[in-house]
Every structure is written in C-alpha cells, then in structure tokens.
$ cat final.pdb   # PDB, C-alpha atoms
ATOM      1  CA  MET A  25      79.859-221.834 -25.062
ATOM      2  CA  LYS A  26      83.069-221.579 -26.987
ATOM      3  CA  LEU A  27      83.607-221.290 -30.741
ATOM      4  CA  SER A  28      86.095-223.612 -32.364
ATOM      5  CA  THR A  29      88.822-222.414 -34.699
ATOM      6  CA  LYS A  30      86.454-223.158 -37.592
ATOM      7  CA  GLY A  31      84.132-220.316 -36.653
ATOM      8  CA  ARG A  32      86.843-217.911 -35.506
ATOM      9  CA  TYR A  33      89.105-218.440 -38.516
ATOM     10  CA  GLY A  34      86.158-218.455 -40.899
ATOM     11  CA  VAL A  35      85.052-215.015 -39.721
ATOM     12  CA  LYS A  36      88.636-213.730 -40.002
ATOM     13  CA  ALA A  37      88.973-215.090 -43.551
ATOM     14  CA  MET A  38      85.634-213.644 -44.640
ATOM     15  CA  PHE A  39      86.593-210.285 -43.133
ATOM     16  CA  ASP A  40      89.846-210.401 -45.108
ATOM     17  CA  LEU A  41      87.913-211.101 -48.322
ATOM     18  CA  ALA A  42      85.518-208.248 -47.563
ATOM     19  CA  LEU A  43      88.316-205.801 -46.806
ATOM     20  CA  TYR A  44      90.869-206.664 -49.476
ATOM     21  CA  GLY A  45      89.053-208.635 -52.158
ATOM     22  CA  ARG A  46      86.192-206.452 -53.250
ATOM     23  CA  ASP A  47      87.075-206.464 -56.950
ATOM     24  CA  THR A  48      90.072-208.775 -57.194
ATOM     25  CA  PRO A  49      90.042-212.475 -56.316
ATOM     26  CA  LEU A  50      92.350-213.273 -53.418
ATOM     27  CA  PRO A  51      94.504-216.409 -53.387
ATOM     28  CA  LEU A  52      94.166-218.583 -50.288
ATOM     29  CA  LYS A  53      97.880-218.190 -49.646
ATOM     30  CA  THR A  54      97.452-214.420 -49.275
ATOM     31  CA  ILE A  55      94.514-214.714 -46.880
ATOM     32  CA  ALA A  56      96.217-217.476 -44.888
ATOM     33  CA  GLY A  57      99.391-215.419 -44.511
ATOM     34  CA  ARG A  58      97.650-212.207 -43.545
ATOM     35  CA  GLN A  59      95.339-213.920 -41.034
ATOM     36  CA  GLU A  60      97.921-216.446 -39.776
ATOM     37  CA  ILE A  61      95.808-219.470 -40.679
ATOM     38  CA  SER A  62      97.192-222.726 -42.052
ATOM     39  CA  GLU A  63      96.536-222.799 -45.801
ATOM     40  CA  PRO A  64      95.258-226.434 -45.846
ATOM     41  CA  TYR A  65      92.882-225.649 -42.954
ATOM     42  CA  LEU A  66      91.687-222.465 -44.655
ATOM     43  CA  GLU A  67      91.046-224.493 -47.802
ATOM     44  CA  GLN A  68      88.605-226.696 -45.843
ATOM     45  CA  LEU A  69      86.818-223.671 -44.404
ATOM     46  CA  ILE A  70      86.543-221.913 -47.769
ATOM     47  CA  ALA A  71      85.137-225.095 -49.341
ATOM     48  CA  ALA A  72      82.291-225.100 -46.795
ATOM     49  CA  LEU A  73      81.701-221.355 -47.255
ATOM     50  CA  ARG A  74      81.657-221.813 -51.041
ATOM     51  CA  LYS A  75      79.155-224.668 -50.771
ATOM     52  CA  ALA A  76      76.943-222.400 -48.628
ATOM     53  CA  GLY A  77      77.059-219.688 -51.305
ATOM     54  CA  LEU A  78      79.019-217.172 -49.242
ATOM     55  CA  VAL A  79      82.146-217.145 -51.433
ATOM     56  CA  LYS A  80      82.845-217.907 -55.065
ATOM     57  CA  SER A  81      86.014-219.102 -56.707
ATOM     58  CA  VAL A  82      87.728-217.698 -59.776
ATOM     59  CA  ARG A  83      90.038-220.006 -61.711
ATOM     60  CA  GLY A  84      93.174-219.060 -63.551
ATOM     61  CA  ALA A  85      96.483-217.321 -63.019
ATOM     62  CA  ARG A  86      94.807-214.373 -61.308
ATOM     63  CA  GLY A  87      92.261-216.587 -59.606
ATOM     64  CA  GLY A  88      91.273-216.894 -56.007
ATOM     65  CA  TYR A  89      88.171-216.199 -53.950
ATOM     66  CA  LEU A  90      85.632-213.402 -53.735
ATOM     67  CA  LEU A  91      82.582-212.809 -51.597
ATOM     68  CA  ALA A  92      79.472-214.111 -53.323
ATOM     69  CA  ARG A  93      77.447-211.170 -51.983
ATOM     70  CA  LYS A  94      78.115-207.640 -50.798
ATOM     71  CA  PRO A  95      79.639-207.295 -47.301
ATOM     72  CA  ASN A  96      76.424-205.739 -45.969
ATOM     73  CA  GLN A  97      74.518-208.872 -47.025
ATOM     74  CA  ILE A  98      76.665-211.422 -45.163
ATOM     75  CA  THR A  99      76.202-211.741 -41.416
ATOM     76  CA  VAL A 100      78.625-213.157 -38.907
ATOM     77  CA  GLY A 101      75.817-215.561 -37.996
ATOM     78  CA  SER A 102      75.647-217.027 -41.502
ATOM     79  CA  ILE A 103      79.408-217.621 -41.466
ATOM     80  CA  ILE A 104      79.503-219.176 -38.005
ATOM     81  CA  ARG A 105      76.466-221.414 -38.586
ATOM     82  CA  THR A 106      77.942-222.623 -41.876
ATOM     83  CA  LEU A 107      81.125-223.701 -40.129
ATOM     84  CA  GLU A 108      79.934-224.564 -36.614
ATOM     85  CA  GLY A 109      76.276-225.515 -36.969
ATOM     86  CA  SER A 110      73.632-224.406 -34.510
ATOM     87  CA  MET A 111      74.573-221.956 -31.769
ATOM     88  CA  ALA A 112      72.155-223.606 -29.343
ATOM     89  CA  PRO A 113      73.700-224.384 -25.936
ATOM     90  CA  THR A 114      71.753-227.667 -25.753
ATOM     91  CA  ASP A 115      70.270-230.024 -28.328
ATOM     92  CA  CYS A 116      66.724-229.510 -27.077
ATOM     93  CA  VAL A 117      66.648-225.918 -28.363
ATOM     94  CA  SER A 118      68.593-226.359 -31.590
ATOM     95  CA  GLU A 119      66.972-224.576 -34.524
ATOM     96  CA  ASP A 120      68.051-227.366 -36.891
ATOM     97  CA  ARG A 121      66.564-230.432 -35.281
ATOM     98  CA  PRO A 122      65.541-230.003 -31.669
ATOM     99  CA  ILE A 123      65.664-233.242 -29.725
ATOM    100  CA  ASP A 124      62.285-234.277 -28.369
ATOM    101  CA  CYS A 125      62.341-234.636 -24.640
ATOM    102  CA  ASP A 126      59.641-236.185 -22.467
ATOM    103  CA  LYS A 127      60.111-233.312 -20.017
ATOM    104  CA  ALA A 128      59.925-230.469 -22.580
ATOM    105  CA  ASP A 129      56.437-229.323 -21.526
ATOM    106  CA  TRP A 130      57.457-228.688 -17.947
ATOM    107  CA  CYS A 131      61.244-228.224 -18.134
ATOM    108  CA  VAL A 132      62.222-224.968 -16.423
ATOM    109  CA  THR A 133      65.781-224.935 -17.788
ATOM    110  CA  ARG A 134      64.683-225.341 -21.412
ATOM    111  CA  GLY A 135      63.413-221.749 -21.380
ATOM    112  CA  ILE A 136      66.821-220.553 -20.204
ATOM    113  CA  TRP A 137      68.631-222.424 -22.993
ATOM    114  CA  GLU A 138      66.196-221.032 -25.515
ATOM    115  CA  LYS A 139      66.781-217.452 -24.314
ATOM    116  CA  ILE A 140      70.544-217.954 -24.509
ATOM    117  CA  ARG A 141      70.278-219.295 -28.073
ATOM    118  CA  MET A 142      68.011-216.436 -29.132
ATOM    119  CA  SER A 143      70.354-213.854 -27.590
ATOM    120  CA  ILE A 144      73.366-215.302 -29.378
ATOM    121  CA  ASP A 145      71.421-215.469 -32.652
ATOM    122  CA  ASN A 146      70.306-211.834 -32.279
ATOM    123  CA  VAL A 147      73.878-210.652 -31.821
ATOM    124  CA  ILE A 148      75.578-212.661 -34.552
ATOM    125  CA  ASP A 149      72.779-212.026 -37.037
ATOM    126  CA  SER A 150      72.920-208.266 -36.444
ATOM    127  CA  ILE A 151      76.593-207.908 -37.403
ATOM    128  CA  THR A 152      77.574-207.894 -41.077
ATOM    129  CA  LEU A 153      80.967-207.959 -42.726
ATOM    130  CA  GLN A 154      80.350-204.313 -43.608
ATOM    131  CA  ASP A 155      79.937-203.526 -39.900
ATOM    132  CA  MET A 156      83.296-205.187 -39.286
ATOM    133  CA  ILE A 157      84.916-203.123 -42.060
ATOM    134  CA  ASP A 158      83.417-199.933 -40.596
ATOM    135  CA  ASP A 159      84.724-200.844 -37.123
ATOM    136  CA  TYR A 160      88.162-201.619 -38.561
ATOM    137  CA  ASN A 161      88.308-198.291 -40.395
ATOM    138  CA  LYS A 162      87.267-196.446 -37.235
ATOM    139  CA  LEU A 163      90.015-198.206 -35.252
ATOM    140  CA  CYS A 164      92.558-197.269 -37.924
ATOM    141  CA  GLU A 165      91.471-193.603 -37.794
ATOM    142  CA  GLU A 166      91.637-193.553 -33.993
ATOM    143  CA  SER A 167      95.103-195.095 -33.926
ATOM    144  CA  GLU A 168      96.363-192.438 -36.374
ATOM    145  CA  ILE A 169      95.046-189.708 -34.093
ATOM    146  CA  SER A 170      96.761-191.137 -31.007
TER     147      SER A 170
END
$ encode --input "final.pdb" --output "structure tokens"
Amino acid sequence: MKLSTKGRYGVKAMFDLALYGRDTPLPLKTIAGRQEISEPYLEQLIAALRKAGLVKSVRGARGGYLLARKPNQITVGSIIRTLEGSMAPTDCVSEDRPIDCDKADWCVTRGIWEKIRMSIDNVIDSITLQDMIDDYNKLCEESEIS
C-alpha cells in the first residue's frame, strides 16, 4: 500500500501549521514554500481539510490558515483519511462501505486484509500532530548536540 501525494503533502502541511501557526494564521504561500508543495495543489488539500473541520481560514491582510483544534487532538489518521479515504488494502474490508462478497463467510484472505487495515489504523490513529512536534524538537536538540 502506498500513499499518494495527497496524504503525504497533507500531513506535511498540517505539521507546518501545528509547528509555526499556533497563534498566527499562515498564508498558503508560506506553507507551500517551506514544505516544497505547489501552492495550487496545497490549496486543494487545504480545502478538503477545511471541509473536514481540521483547519480554519482567516480572511484579511494578515489572513491564512490555522488548525481548527489543538495539535494533540488531530491524528495523522484523520488527516490521511480526509485526503485519501479508507486505508483498507481491499474493498471488502473498507470501514466506509465494505463490498459484500459471496465468499466473505469462508474467505481466508479476508481476515488477513482486515488485520492489515486494523494495524494501519492503530498506527496512524495513535500519532498526533503534537507527537510530530515533539519528535521534531527532539531531533533538533540531538542535532545541536552532535
């Protein structure tokens, strides 16, 4: 399973908002430049994240975007699912709308796909933007020591 640029860039943009935009709205141009993401593409991602209630926009000369909740309340899973959809490896185990299959009652592989989906969900739902900030700060401290 491979994430598209939507999920990868969305997580990077949300991390940037969490790290640099706690009190001050950040313009898309600033985020796009810092994270090396095309501004028009980032605009599409932010629109989806805004619709999902993960970011909010501030209009005006000093406008931009802010997180809609605290960094410890936004998981990587909520960002990725907003932009990518279900993390299920097959449609038969999707949490959104699992496809009914005539073989579901005796399908041996379905259990494997379900375990994979649950494992992915457990990981991405256990990591918050605050965890990412903490990891970033730790890396910065370690690189200063070296």
$ residues_around --input "final.pdb" --residues "range 143-147 of chain A" --least-positions-apart "5" --cutoff "10 Å" --atoms "all atoms listed in the file" --output "list in words"
Thr99, Val100, Gly101, Ser102, Arg105, Ser110, Met111, Ala112, Pro113, Trp137 and Glu138 of chain A
$ resolve_selection --input "final.pdb" --expression "the PyMOL selection byres ((chain A and resi 43) around 9)" --output "PyMOL selection string"
chain A and resi 38-42+44-46+95+153-154+157
$ atom_distance --input "final.pdb" --atom1 "CA of Pro64 in chain A" --atom2 "CA of Gly88 in chain A"
14.5 Å
$ closest_residue --input "final.pdb" --among "A:Arg134, A:Lys80, A:Arg32, A:Lys139" --to "Thr48 in chain A" --atoms "all atoms listed in the file"
A:Lys80
$ resolve_selection --input "final.pdb" --expression "the PyMOL selection byres ((chain A and resi 82) around 12)" --output "ChimeraX atom specification"
/A:45,47-52,74,79-81,83-92
$ atom_distance --input "final.pdb" --atom1 "CA of Glu119 in chain A" --atom2 "CA of Thr29 in chain A"
22.0 Å
$ atom_distance --input "final.pdb" --atom1 "CA of Lys162 in chain A" --atom2 "CA of Asp149 in chain A"
21.3 Å
$ closest_residue --input "final.pdb" --among "A:Val117, A:Ala56, A:Ile103, A:Glu63" --to "Gly77 in chain A" --atoms "all atoms listed in the file"
A:Ile103
$ closest_residue --input "final.pdb" --among "A:Gly109, A:Gln59, A:Ile104, A:Asp126" --to "Val35 in chain A" --atoms "only C-alpha atoms"
A:Ile104
